[in-house]
Amino acid sequence: MANKDKYTEKQIAQALEKAGGFLSVASKSLGCTRRTIYNYLERYPNLKELCDDIREQYLDLGEAELLKK
């Protein structure tokens with residue numbers, strides 16, 4: 001069975017990292033829909049984990065800044 005994916009896992013991962021975990025920004029950079037990104041997250045659990053980790057890092061940074069103030 002041939003691979004029907006338009007993007008590689010690496011391309012999706014890089015787009016998510018550059019977009020700070022924002023799916024709409026990642027999809028725009030790749031020229032696809034948010035649904036496409038969601039489909040990759042469902043198909044590749046490591047991408048979902050990466051996205052969750054990126055978002056968690058930003059939440060941690062935000063909370064740290066709030067605590068400073």
# chains A, B, ... in the order shown; residues from 1 in each chain; ligands from 1

call {"tool": "residues_around", "arguments": {"residues": "segment 21-34 of chain A", "least_positions_apart": "2", "cutoff": "6 Å", "atoms": "only C-alpha atoms", "output": "ChimeraX atom specification"}}
result
/A:15-16,19,36-37,51,54-55

call {"tool": "closest_residue", "arguments": {"among": "A:Lys18, A:Glu9, A:Tyr58, A:Asp52", "to": "Asn39 of chain A", "atoms": "only C-alpha atoms"}}
result
A:Glu9

call {"tool": "select_by_dssp", "arguments": {"residues": "chain A", "states": "alpha helix (DSSP H)", "output": "mmCIF file with all heavy atoms, in the first residue's frame"}}
result
data_model
loop_
_atom_site.group_PDB
_atom_site.id
_atom_site.type_symbol
_atom_site.label_atom_id
_atom_site.label_comp_id
_atom_site.auth_asym_id
_atom_site.auth_seq_id
_atom_site.Cartn_x
_atom_site.Cartn_y
_atom_site.Cartn_z
ATOM 1 N N GLU A 9 6.017 13.451 8.194
ATOM 2 C CA GLU A 9 5.892 13.752 9.629
ATOM 3 C C GLU A 9 6.824 14.895 10.006
ATOM 4 O O GLU A 9 6.468 15.772 10.788
ATOM 5 C CB GLU A 9 6.256 12.533 10.472
ATOM 6 C CG GLU A 9 5.168 11.521 10.619
ATOM 7 C CD GLU A 9 5.571 10.423 11.576
ATOM 8 O OE1 GLU A 9 5.572 10.669 12.803
ATOM 9 O OE2 GLU A 9 5.890 9.324 11.083
ATOM 10 N N LYS A 10 8.023 14.878 9.435
ATOM 11 C CA LYS A 10 9.009 15.908 9.739
ATOM 12 C C LYS A 10 8.515 17.288 9.313
ATOM 13 O O LYS A 10 8.686 18.263 10.039
ATOM 14 C CB LYS A 10 10.337 15.579 9.058
ATOM 15 C CG LYS A 10 11.450 16.522 9.409
ATOM 16 C CD LYS A 10 12.762 16.093 8.795
ATOM 17 C CE LYS A 10 13.864 17.065 9.197
ATOM 18 N NZ LYS A 10 15.165 16.662 8.673
ATOM 19 N N GLN A 11 7.880 17.380 8.146
ATOM 20 C CA GLN A 11 7.359 18.664 7.682
ATOM 21 C C GLN A 11 6.267 19.184 8.617
ATOM 22 O O GLN A 11 6.239 20.372 8.937
ATOM 23 C CB GLN A 11 6.793 18.527 6.260
ATOM 24 C CG GLN A 11 7.840 18.374 5.194
ATOM 25 C CD GLN A 11 7.228 18.088 3.843
ATOM 26 O OE1 GLN A 11 6.428 17.159 3.700
ATOM 27 N NE2 GLN A 11 7.600 18.883 2.852
ATOM 28 N N ILE A 12 5.394 18.295 9.044
ATOM 29 C CA ILE A 12 4.327 18.695 9.968
ATOM 30 C C ILE A 12 4.939 19.130 11.299
ATOM 31 O O ILE A 12 4.564 20.154 11.866
ATOM 32 C CB ILE A 12 3.305 17.554 10.174
ATOM 33 C CG1 ILE A 12 2.641 17.164 8.857
ATOM 34 C CG2 ILE A 12 2.273 17.932 11.229
ATOM 35 C CD1 ILE A 12 1.735 18.201 8.250
ATOM 36 N N ALA A 13 5.893 18.363 11.796
ATOM 37 C CA ALA A 13 6.540 18.684 13.068
ATOM 38 C C ALA A 13 7.222 20.044 12.995
ATOM 39 O O ALA A 13 7.092 20.861 13.918
ATOM 40 C CB ALA A 13 7.550 17.602 13.442
ATOM 41 N N GLN A 14 7.940 20.312 11.919
ATOM 42 C CA GLN A 14 8.628 21.594 11.765
ATOM 43 C C GLN A 14 7.628 22.742 11.696
ATOM 44 O O GLN A 14 7.846 23.797 12.303
ATOM 45 C CB GLN A 14 9.509 21.584 10.514
ATOM 46 C CG GLN A 14 10.729 20.711 10.663
ATOM 47 C CD GLN A 14 11.513 20.563 9.370
ATOM 48 O OE1 GLN A 14 10.991 20.751 8.272
ATOM 49 N NE2 GLN A 14 12.783 20.201 9.505
ATOM 50 N N ALA A 15 6.535 22.535 10.980
ATOM 51 C CA ALA A 15 5.510 23.577 10.891
ATOM 52 C C ALA A 15 4.893 23.854 12.255
ATOM 53 O O ALA A 15 4.670 25.017 12.624
ATOM 54 C CB ALA A 15 4.433 23.164 9.885
ATOM 55 N N LEU A 16 4.633 22.797 13.029
ATOM 56 C CA LEU A 16 4.072 22.976 14.369
ATOM 57 C C LEU A 16 5.046 23.709 15.290
ATOM 58 O O LEU A 16 4.645 24.579 16.070
ATOM 59 C CB LEU A 16 3.698 21.618 14.973
ATOM 60 C CG LEU A 16 2.471 20.936 14.384
ATOM 61 C CD1 LEU A 16 2.364 19.498 14.863
ATOM 62 C CD2 LEU A 16 1.209 21.716 14.729
ATOM 63 N N GLU A 17 6.321 23.347 15.201
ATOM 64 C CA GLU A 17 7.329 24.004 16.033
ATOM 65 C C GLU A 17 7.436 25.483 15.691
ATOM 66 O O GLU A 17 7.463 26.339 16.575
ATOM 67 C CB GLU A 17 8.680 23.312 15.872
ATOM 68 C CG GLU A 17 8.717 21.952 16.530
ATOM 69 C CD GLU A 17 9.966 21.142 16.192
ATOM 70 O OE1 GLU A 17 10.752 21.539 15.308
ATOM 71 O OE2 GLU A 17 10.140 20.074 16.815
ATOM 72 N N LYS A 18 7.495 25.811 14.408
ATOM 73 C CA LYS A 18 7.591 27.210 13.976
ATOM 74 C C LYS A 18 6.343 27.993 14.351
ATOM 75 O O LYS A 18 6.418 29.195 14.604
ATOM 76 C CB LYS A 18 7.818 27.287 12.468
ATOM 77 C CG LYS A 18 9.194 26.854 12.050
ATOM 78 C CD LYS A 18 9.359 26.941 10.534
ATOM 79 C CE LYS A 18 10.698 26.395 10.102
ATOM 80 N NZ LYS A 18 10.834 26.374 8.633
ATOM 81 N N LEU A 23 -2.336 25.346 15.319
ATOM 82 C CA LEU A 23 -2.653 24.550 14.136
ATOM 83 C C LEU A 23 -2.988 25.410 12.927
ATOM 84 O O LEU A 23 -2.604 25.078 11.802
ATOM 85 C CB LEU A 23 -3.803 23.593 14.432
ATOM 86 C CG LEU A 23 -3.612 22.632 15.598
ATOM 87 C CD1 LEU A 23 -4.770 21.664 15.679
ATOM 88 C CD2 LEU A 23 -2.305 21.898 15.495
ATOM 89 N N SER A 24 -3.693 26.507 13.133
ATOM 90 C CA SER A 24 -4.065 27.354 12.002
ATOM 91 C C SER A 24 -2.837 27.995 11.367
ATOM 92 O O SER A 24 -2.754 28.115 10.146
ATOM 93 C CB SER A 24 -5.073 28.425 12.422
ATOM 94 O OG SER A 24 -4.549 29.215 13.456
ATOM 95 N N VAL A 25 -1.869 28.372 12.187
ATOM 96 C CA VAL A 25 -0.635 28.967 11.665
ATOM 97 C C VAL A 25 0.189 27.907 10.933
ATOM 98 O O VAL A 25 0.721 28.162 9.843
ATOM 99 C CB VAL A 25 0.186 29.622 12.799
ATOM 100 C CG1 VAL A 25 1.502 30.169 12.282
ATOM 101 C CG2 VAL A 25 -0.624 30.723 13.474
ATOM 102 N N ALA A 26 0.268 26.716 11.502
ATOM 103 C CA ALA A 26 1.007 25.627 10.862
ATOM 104 C C ALA A 26 0.373 25.249 9.528
ATOM 105 O O ALA A 26 1.076 25.057 8.533
ATOM 106 C CB ALA A 26 1.057 24.408 11.780
ATOM 107 N N SER A 27 -0.948 25.173 9.495
ATOM 108 C CA SER A 27 -1.620 24.801 8.252
ATOM 109 C C SER A 27 -1.424 25.874 7.180
ATOM 110 O O SER A 27 -1.204 25.547 6.010
ATOM 111 C CB SER A 27 -3.107 24.536 8.488
ATOM 112 O OG SER A 27 -3.783 25.711 8.878
ATOM 113 N N LYS A 28 -1.460 27.124 7.584
ATOM 114 C CA LYS A 28 -1.253 28.207 6.617
ATOM 115 C C LYS A 28 0.151 28.140 6.025
ATOM 116 O O LYS A 28 0.335 28.325 4.826
ATOM 117 C CB LYS A 28 -1.490 29.555 7.289
ATOM 118 C CG LYS A 28 -1.476 30.711 6.341
ATOM 119 C CD LYS A 28 -1.871 32.008 7.024
ATOM 120 C CE LYS A 28 -1.905 33.124 6.012
ATOM 121 N NZ LYS A 28 -2.318 34.383 6.611
ATOM 122 N N SER A 29 1.144 27.852 6.865
ATOM 123 C CA SER A 29 2.520 27.786 6.372
ATOM 124 C C SER A 29 2.723 26.633 5.392
ATOM 125 O O SER A 29 3.574 26.715 4.504
ATOM 126 C CB SER A 29 3.509 27.687 7.535
ATOM 127 O OG SER A 29 3.493 26.403 8.108
ATOM 128 N N LEU A 30 1.938 25.574 5.552
ATOM 129 C CA LEU A 30 2.036 24.423 4.657
ATOM 130 C C LEU A 30 1.107 24.526 3.455
ATOM 131 O O LEU A 30 1.236 23.765 2.502
ATOM 132 C CB LEU A 30 1.715 23.131 5.424
ATOM 133 C CG LEU A 30 2.743 22.698 6.452
ATOM 134 C CD1 LEU A 30 2.180 21.566 7.310
ATOM 135 C CD2 LEU A 30 4.035 22.269 5.787
ATOM 136 N N ARG A 34 -6.697 23.283 8.415
ATOM 137 C CA ARG A 34 -6.489 22.814 9.786
ATOM 138 C C ARG A 34 -6.899 21.363 9.914
ATOM 139 O O ARG A 34 -6.296 20.603 10.661
ATOM 140 C CB ARG A 34 -7.310 23.675 10.764
ATOM 141 C CG ARG A 34 -6.678 25.011 11.022
ATOM 142 C CD ARG A 34 -7.463 25.877 12.006
ATOM 143 N NE ARG A 34 -8.050 25.129 13.077
ATOM 144 C CZ ARG A 34 -9.263 25.369 13.574
ATOM 145 N NH1 ARG A 34 -10.010 26.322 13.102
ATOM 146 N NH2 ARG A 34 -9.724 24.646 14.564
ATOM 147 N N ARG A 35 -7.923 20.970 9.192
ATOM 148 C CA ARG A 35 -8.379 19.578 9.234
ATOM 149 C C ARG A 35 -7.258 18.636 8.816
ATOM 150 O O ARG A 35 -7.114 17.551 9.383
ATOM 151 C CB ARG A 35 -9.595 19.414 8.296
ATOM 152 C CG ARG A 35 -10.166 18.010 8.278
ATOM 153 C CD ARG A 35 -10.920 17.721 9.554
ATOM 154 N NE ARG A 35 -10.233 16.672 10.282
ATOM 155 C CZ ARG A 35 -10.438 16.331 11.544
ATOM 156 N NH1 ARG A 35 -11.316 16.975 12.267
ATOM 157 N NH2 ARG A 35 -9.762 15.379 12.117
ATOM 158 N N THR A 36 -6.445 19.038 7.860
ATOM 159 C CA THR A 36 -5.314 18.216 7.435
ATOM 160 C C THR A 36 -4.351 18.015 8.601
ATOM 161 O O THR A 36 -3.894 16.898 8.845
ATOM 162 C CB THR A 36 -4.576 18.866 6.242
ATOM 163 O OG1 THR A 36 -5.492 18.952 5.144
ATOM 164 C CG2 THR A 36 -3.354 18.067 5.835
ATOM 165 N N ILE A 37 -4.066 19.091 9.325
ATOM 166 C CA ILE A 37 -3.168 18.977 10.480
ATOM 167 C C ILE A 37 -3.786 18.057 11.529
ATOM 168 O O ILE A 37 -3.110 17.194 12.080
ATOM 169 C CB ILE A 37 -2.855 20.364 11.085
ATOM 170 C CG1 ILE A 37 -2.214 21.292 10.048
ATOM 171 C CG2 ILE A 37 -1.960 20.222 12.313
ATOM 172 C CD1 ILE A 37 -0.850 20.878 9.566
ATOM 173 N N TYR A 38 -5.082 18.235 11.808
ATOM 174 C CA TYR A 38 -5.767 17.353 12.758
ATOM 175 C C TYR A 38 -5.660 15.888 12.330
ATOM 176 O O TYR A 38 -5.444 15.004 13.162
ATOM 177 C CB TYR A 38 -7.250 17.724 12.894
ATOM 178 C CG TYR A 38 -7.525 18.893 13.786
ATOM 179 C CD1 TYR A 38 -8.078 20.054 13.278
ATOM 180 C CD2 TYR A 38 -7.255 18.845 15.148
ATOM 181 C CE1 TYR A 38 -8.349 21.150 14.085
ATOM 182 C CE2 TYR A 38 -7.513 19.924 15.975
ATOM 183 C CZ TYR A 38 -8.066 21.067 15.437
ATOM 184 O OH TYR A 38 -8.327 22.134 16.250
ATOM 185 N N ASN A 39 -5.809 15.639 11.040
ATOM 186 C CA ASN A 39 -5.706 14.261 10.544
ATOM 187 C C ASN A 39 -4.321 13.680 10.811
ATOM 188 O O ASN A 39 -4.203 12.512 11.202
ATOM 189 C CB ASN A 39 -6.021 14.202 9.051
ATOM 190 C CG ASN A 39 -7.476 14.448 8.748
ATOM 191 O OD1 ASN A 39 -8.335 14.332 9.618
ATOM 192 N ND2 ASN A 39 -7.762 14.818 7.516
ATOM 193 N N TYR A 40 -3.281 14.476 10.607
ATOM 194 C CA TYR A 40 -1.922 14.003 10.888
ATOM 195 C C TYR A 40 -1.732 13.749 12.380
ATOM 196 O O TYR A 40 -1.087 12.777 12.774
ATOM 197 C CB TYR A 40 -0.876 15.010 10.390
ATOM 198 C CG TYR A 40 -0.528 14.845 8.938
ATOM 199 C CD1 TYR A 40 -1.285 15.461 7.956
ATOM 200 C CD2 TYR A 40 0.561 14.079 8.535
ATOM 201 C CE1 TYR A 40 -0.976 15.324 6.616
ATOM 202 C CE2 TYR A 40 0.885 13.928 7.205
ATOM 203 C CZ TYR A 40 0.114 14.550 6.240
ATOM 204 O OH TYR A 40 0.430 14.398 4.917
ATOM 205 N N LEU A 41 -2.297 14.609 13.221
ATOM 206 C CA LEU A 41 -2.177 14.421 14.666
ATOM 207 C C LEU A 41 -2.873 13.125 15.102
ATOM 208 O O LEU A 41 -2.389 12.442 16.007
ATOM 209 C CB LEU A 41 -2.772 15.608 15.422
ATOM 210 C CG LEU A 41 -2.067 16.952 15.229
ATOM 211 C CD1 LEU A 41 -2.766 18.038 16.034
ATOM 212 C CD2 LEU A 41 -0.604 16.885 15.594
ATOM 213 N N GLU A 42 -3.972 12.806 14.455
ATOM 214 C CA GLU A 42 -4.679 11.560 14.774
ATOM 215 C C GLU A 42 -3.913 10.345 14.260
ATOM 216 O O GLU A 42 -3.867 9.305 14.906
ATOM 217 C CB GLU A 42 -6.077 11.578 14.164
ATOM 218 C CG GLU A 42 -7.013 12.563 14.830
ATOM 219 C CD GLU A 42 -8.333 12.724 14.090
ATOM 220 O OE1 GLU A 42 -8.572 11.993 13.105
ATOM 221 O OE2 GLU A 42 -9.116 13.595 14.493
ATOM 222 N N ARG A 43 -3.296 10.483 13.104
ATOM 223 C CA ARG A 43 -2.596 9.369 12.470
ATOM 224 C C ARG A 43 -1.243 9.100 13.099
ATOM 225 O O ARG A 43 -0.790 7.960 13.140
ATOM 226 C CB ARG A 43 -2.417 9.680 10.977
ATOM 227 C CG ARG A 43 -2.117 8.472 10.135
ATOM 228 C CD ARG A 43 -2.108 8.785 8.633
ATOM 229 N NE ARG A 43 -3.284 9.532 8.215
ATOM 230 C CZ ARG A 43 -3.230 10.662 7.483
ATOM 231 N NH1 ARG A 43 -2.100 11.159 7.074
ATOM 232 N NH2 ARG A 43 -4.339 11.271 7.140
ATOM 233 N N PRO A 45 0.645 9.630 16.532
ATOM 234 C CA PRO A 45 0.589 10.032 17.941
ATOM 235 C C PRO A 45 1.789 10.862 18.398
ATOM 236 O O PRO A 45 1.655 11.731 19.258
ATOM 237 C CB PRO A 45 0.529 8.708 18.688
ATOM 238 C CG PRO A 45 -0.016 7.731 17.713
ATOM 239 C CD PRO A 45 0.481 8.182 16.365
ATOM 240 N N ASN A 46 2.959 10.630 17.815
ATOM 241 C CA ASN A 46 4.128 11.414 18.218
ATOM 242 C C ASN A 46 3.978 12.888 17.811
ATOM 243 O O ASN A 46 4.492 13.771 18.493
ATOM 244 C CB ASN A 46 5.424 10.823 17.660
ATOM 245 C CG ASN A 46 5.427 10.724 16.159
ATOM 246 O OD1 ASN A 46 4.403 10.459 15.542
ATOM 247 N ND2 ASN A 46 6.580 10.920 15.554
ATOM 248 N N LEU A 47 3.246 13.173 16.741
ATOM 249 C CA LEU A 47 2.985 14.567 16.363
ATOM 250 C C LEU A 47 2.033 15.219 17.363
ATOM 251 O O LEU A 47 2.210 16.380 17.713
ATOM 252 C CB LEU A 47 2.399 14.655 14.956
ATOM 253 C CG LEU A 47 3.360 14.384 13.809
ATOM 254 C CD1 LEU A 47 2.619 14.411 12.478
ATOM 255 C CD2 LEU A 47 4.500 15.391 13.802
ATOM 256 N N LYS A 48 1.042 14.463 17.804
ATOM 257 C CA LYS A 48 0.107 14.979 18.817
ATOM 258 C C LYS A 48 0.863 15.281 20.107
ATOM 259 O O LYS A 48 0.661 16.327 20.728
ATOM 260 C CB LYS A 48 -0.995 13.942 19.069
ATOM 261 C CG LYS A 48 -1.905 14.249 20.228
ATOM 262 C CD LYS A 48 -2.974 15.225 19.827
ATOM 263 C CE LYS A 48 -4.059 15.322 20.867
ATOM 264 N NZ LYS A 48 -3.897 16.429 21.775
ATOM 265 N N GLU A 49 1.761 14.392 20.478
ATOM 266 C CA GLU A 49 2.564 14.593 21.681
ATOM 267 C C GLU A 49 3.457 15.824 21.530
ATOM 268 O O GLU A 49 3.582 16.623 22.458
ATOM 269 C CB GLU A 49 3.413 13.358 21.954
ATOM 270 C CG GLU A 49 4.181 13.422 23.248
ATOM 271 C CD GLU A 49 4.949 12.141 23.534
ATOM 272 O OE1 GLU A 49 4.550 11.066 23.054
ATOM 273 O OE2 GLU A 49 5.960 12.250 24.247
ATOM 274 N N LEU A 50 4.059 15.982 20.359
ATOM 275 C CA LEU A 50 4.894 17.151 20.101
ATOM 276 C C LEU A 50 4.079 18.431 20.231
ATOM 277 O O LEU A 50 4.509 19.386 20.887
ATOM 278 C CB LEU A 50 5.512 17.063 18.702
ATOM 279 C CG LEU A 50 6.262 18.313 18.238
ATOM 280 C CD1 LEU A 50 7.522 18.528 19.067
ATOM 281 C CD2 LEU A 50 6.582 18.227 16.757
ATOM 282 N N CYS A 51 2.910 18.449 19.631
ATOM 283 C CA CYS A 51 2.046 19.623 19.701
ATOM 284 C C CYS A 51 1.665 19.940 21.150
ATOM 285 O O CYS A 51 1.727 21.097 21.577
ATOM 286 C CB CYS A 51 0.800 19.389 18.853
ATOM 287 S SG CYS A 51 -0.210 20.858 18.625
ATOM 288 N N ASP A 52 1.297 18.933 21.895
ATOM 289 C CA ASP A 52 0.956 19.115 23.309
ATOM 290 C C ASP A 52 2.155 19.646 24.090
ATOM 291 O O ASP A 52 2.004 20.529 24.944
ATOM 292 C CB ASP A 52 0.474 17.805 23.926
ATOM 293 C CG ASP A 52 -0.879 17.355 23.387
ATOM 294 O OD1 ASP A 52 -1.600 18.175 22.765
ATOM 295 O OD2 ASP A 52 -1.211 16.172 23.579
ATOM 296 N N ASP A 53 3.348 19.129 23.812
ATOM 297 C CA ASP A 53 4.562 19.581 24.499
ATOM 298 C C ASP A 53 4.865 21.045 24.191
ATOM 299 O O ASP A 53 5.221 21.812 25.090
ATOM 300 C CB ASP A 53 5.767 18.721 24.108
ATOM 301 C CG ASP A 53 5.731 17.328 24.700
ATOM 302 O OD1 ASP A 53 4.920 17.083 25.624
ATOM 303 O OD2 ASP A 53 6.514 16.476 24.235
ATOM 304 N N ILE A 54 4.717 21.429 22.936
ATOM 305 C CA ILE A 54 4.965 22.826 22.547
ATOM 306 C C ILE A 54 3.997 23.747 23.274
ATOM 307 O O ILE A 54 4.400 24.761 23.848
ATOM 308 C CB ILE A 54 4.824 22.994 21.018
ATOM 309 C CG1 ILE A 54 5.951 22.260 20.293
ATOM 310 C CG2 ILE A 54 4.831 24.472 20.638
ATOM 311 C CD1 ILE A 54 5.743 22.125 18.802
ATOM 312 N N ARG A 55 2.734 23.378 23.268
ATOM 313 C CA ARG A 55 1.723 24.198 23.952
ATOM 314 C C ARG A 55 2.001 24.286 25.449
ATOM 315 O O ARG A 55 1.849 25.347 26.062
ATOM 316 C CB ARG A 55 0.340 23.629 23.691
ATOM 317 C CG ARG A 55 -0.109 23.812 22.267
ATOM 318 C CD ARG A 55 -1.440 23.159 22.041
ATOM 319 N NE ARG A 55 -1.925 23.411 20.696
ATOM 320 C CZ ARG A 55 -3.029 22.886 20.213
ATOM 321 N NH1 ARG A 55 -3.762 22.081 20.961
ATOM 322 N NH2 ARG A 55 -3.414 23.153 18.981
ATOM 323 N N GLU A 56 2.406 23.175 26.045
ATOM 324 C CA GLU A 56 2.719 23.145 27.475
ATOM 325 C C GLU A 56 3.893 24.068 27.802
ATOM 326 O O GLU A 56 3.887 24.771 28.818
ATOM 327 C CB GLU A 56 3.016 21.712 27.925
ATOM 328 C CG GLU A 56 3.174 21.552 29.418
ATOM 329 C CD GLU A 56 1.893 21.800 30.201
ATOM 330 O OE1 GLU A 56 0.801 21.522 29.685
ATOM 331 O OE2 GLU A 56 2.006 22.277 31.352
ATOM 332 N N GLN A 57 4.893 24.082 26.931
ATOM 333 C CA GLN A 57 6.041 24.961 27.132
ATOM 334 C C GLN A 57 5.611 26.425 27.135
ATOM 335 O O GLN A 57 6.062 27.214 27.975
ATOM 336 C CB GLN A 57 7.093 24.738 26.051
ATOM 337 C CG GLN A 57 7.833 23.429 26.177
ATOM 338 C CD GLN A 57 8.749 23.168 24.996
ATOM 339 O OE1 GLN A 57 9.035 24.054 24.206
ATOM 340 N NE2 GLN A 57 9.196 21.934 24.863
ATOM 341 N N TYR A 58 4.741 26.803 26.196
ATOM 342 C CA TYR A 58 4.269 28.179 26.143
ATOM 343 C C TYR A 58 3.419 28.527 27.359
ATOM 344 O O TYR A 58 3.500 29.640 27.885
ATOM 345 C CB TYR A 58 3.506 28.450 24.843
ATOM 346 C CG TYR A 58 4.434 28.740 23.696
ATOM 347 C CD1 TYR A 58 4.730 27.767 22.759
ATOM 348 C CD2 TYR A 58 5.042 29.987 23.563
ATOM 349 C CE1 TYR A 58 5.600 28.024 21.705
ATOM 350 C CE2 TYR A 58 5.916 30.249 22.520
ATOM 351 C CZ TYR A 58 6.185 29.268 21.602
ATOM 352 O OH TYR A 58 7.054 29.525 20.566
ATOM 353 N N LEU A 59 2.622 27.577 27.822
ATOM 354 C CA LEU A 59 1.849 27.816 29.043
ATOM 355 C C LEU A 59 2.771 28.018 30.241
ATOM 356 O O LEU A 59 2.550 28.908 31.068
ATOM 357 C CB LEU A 59 0.903 26.639 29.307
ATOM 358 C CG LEU A 59 -0.348 26.566 28.456
ATOM 359 C CD1 LEU A 59 -1.106 25.272 28.731
ATOM 360 C CD2 LEU A 59 -1.250 27.753 28.694
ATOM 361 N N ASP A 60 3.818 27.200 30.325
ATOM 362 C CA ASP A 60 4.780 27.334 31.420
ATOM 363 C C ASP A 60 5.459 28.709 31.388
ATOM 364 O O ASP A 60 5.627 29.353 32.427
ATOM 365 C CB ASP A 60 5.846 26.241 31.355
ATOM 366 C CG ASP A 60 5.312 24.860 31.718
ATOM 367 O OD1 ASP A 60 4.191 24.780 32.256
ATOM 368 O OD2 ASP A 60 6.024 23.875 31.463
ATOM 369 N N LEU A 61 5.835 29.149 30.192
ATOM 370 C CA LEU A 61 6.471 30.463 30.059
ATOM 371 C C LEU A 61 5.511 31.577 30.486
ATOM 372 O O LEU A 61 5.906 32.514 31.172
ATOM 373 C CB LEU A 61 6.940 30.698 28.619
ATOM 374 C CG LEU A 61 8.127 29.883 28.151
ATOM 375 C CD1 LEU A 61 8.347 30.087 26.656
ATOM 376 C CD2 LEU A 61 9.374 30.280 28.923
ATOM 377 N N GLY A 62 4.268 31.469 30.048
ATOM 378 C CA GLY A 62 3.255 32.463 30.416
ATOM 379 C C GLY A 62 3.011 32.497 31.918
ATOM 380 O O GLY A 62 2.930 33.577 32.515
ATOM 381 N N GLU A 63 2.904 31.333 32.519
ATOM 382 C CA GLU A 63 2.692 31.273 33.962
ATOM 383 C C GLU A 63 3.904 31.828 34.718
ATOM 384 O O GLU A 63 3.752 32.518 35.724
ATOM 385 C CB GLU A 63 2.428 29.833 34.403
ATOM 386 C CG GLU A 63 1.085 29.322 33.957
ATOM 387 C CD GLU A 63 0.877 27.845 34.227
ATOM 388 O OE1 GLU A 63 1.844 27.137 34.544
ATOM 389 O OE2 GLU A 63 -0.278 27.406 34.097
ATOM 390 N N ALA A 64 5.090 31.573 34.233
ATOM 391 C CA ALA A 64 6.296 32.098 34.877
ATOM 392 C C ALA A 64 6.322 33.617 34.833
ATOM 393 O O ALA A 64 6.688 34.274 35.807
ATOM 394 C CB ALA A 64 7.550 31.518 34.213
ATOM 395 N N GLU A 65 5.921 34.167 33.696
ATOM 396 C CA GLU A 65 5.866 35.628 33.568
ATOM 397 C C GLU A 65 4.832 36.223 34.511
ATOM 398 O O GLU A 65 5.054 37.278 35.108
ATOM 399 C CB GLU A 65 5.578 36.042 32.123
ATOM 400 C CG GLU A 65 6.752 35.852 31.191
ATOM 401 C CD GLU A 65 7.959 36.672 31.582
ATOM 402 O OE1 GLU A 65 7.814 37.884 31.912
ATOM 403 O OE2 GLU A 65 9.070 36.106 31.591
ATOM 404 N N LEU A 66 3.690 35.573 34.628
ATOM 405 C CA LEU A 66 2.666 36.056 35.547
ATOM 406 C C LEU A 66 3.144 36.030 36.991
ATOM 407 O O LEU A 66 2.872 36.936 37.772
ATOM 408 C CB LEU A 66 1.383 35.225 35.409
ATOM 409 C CG LEU A 66 0.557 35.480 34.159
ATOM 410 C CD1 LEU A 66 -0.567 34.436 34.047
ATOM 411 C CD2 LEU A 66 -0.022 36.878 34.171
ATOM 412 N N LEU A 67 3.873 34.976 37.342
ATOM 413 C CA LEU A 67 4.384 34.871 38.705
ATOM 414 C C LEU A 67 5.428 35.950 38.997
ATOM 415 O O LEU A 67 5.520 36.423 40.134
ATOM 416 C CB LEU A 67 4.991 33.483 38.935
ATOM 417 C CG LEU A 67 3.976 32.346 39.054
ATOM 418 C CD1 LEU A 67 4.686 31.001 39.087
ATOM 419 C CD2 LEU A 67 3.113 32.526 40.295
ATOM 420 N N LYS A 68 6.186 36.349 37.996
ATOM 421 C CA LYS A 68 7.171 37.416 38.185
ATOM 422 C C LYS A 68 6.502 38.725 38.544
ATOM 423 O O LYS A 68 7.027 39.524 39.305
ATOM 424 C CB LYS A 68 7.990 37.619 36.909
ATOM 425 C CG LYS A 68 9.029 36.584 36.660
ATOM 426 C CD LYS A 68 9.794 36.935 35.398
ATOM 427 C CE LYS A 68 10.755 35.844 34.988
ATOM 428 N NZ LYS A 68 11.418 36.177 33.726
#
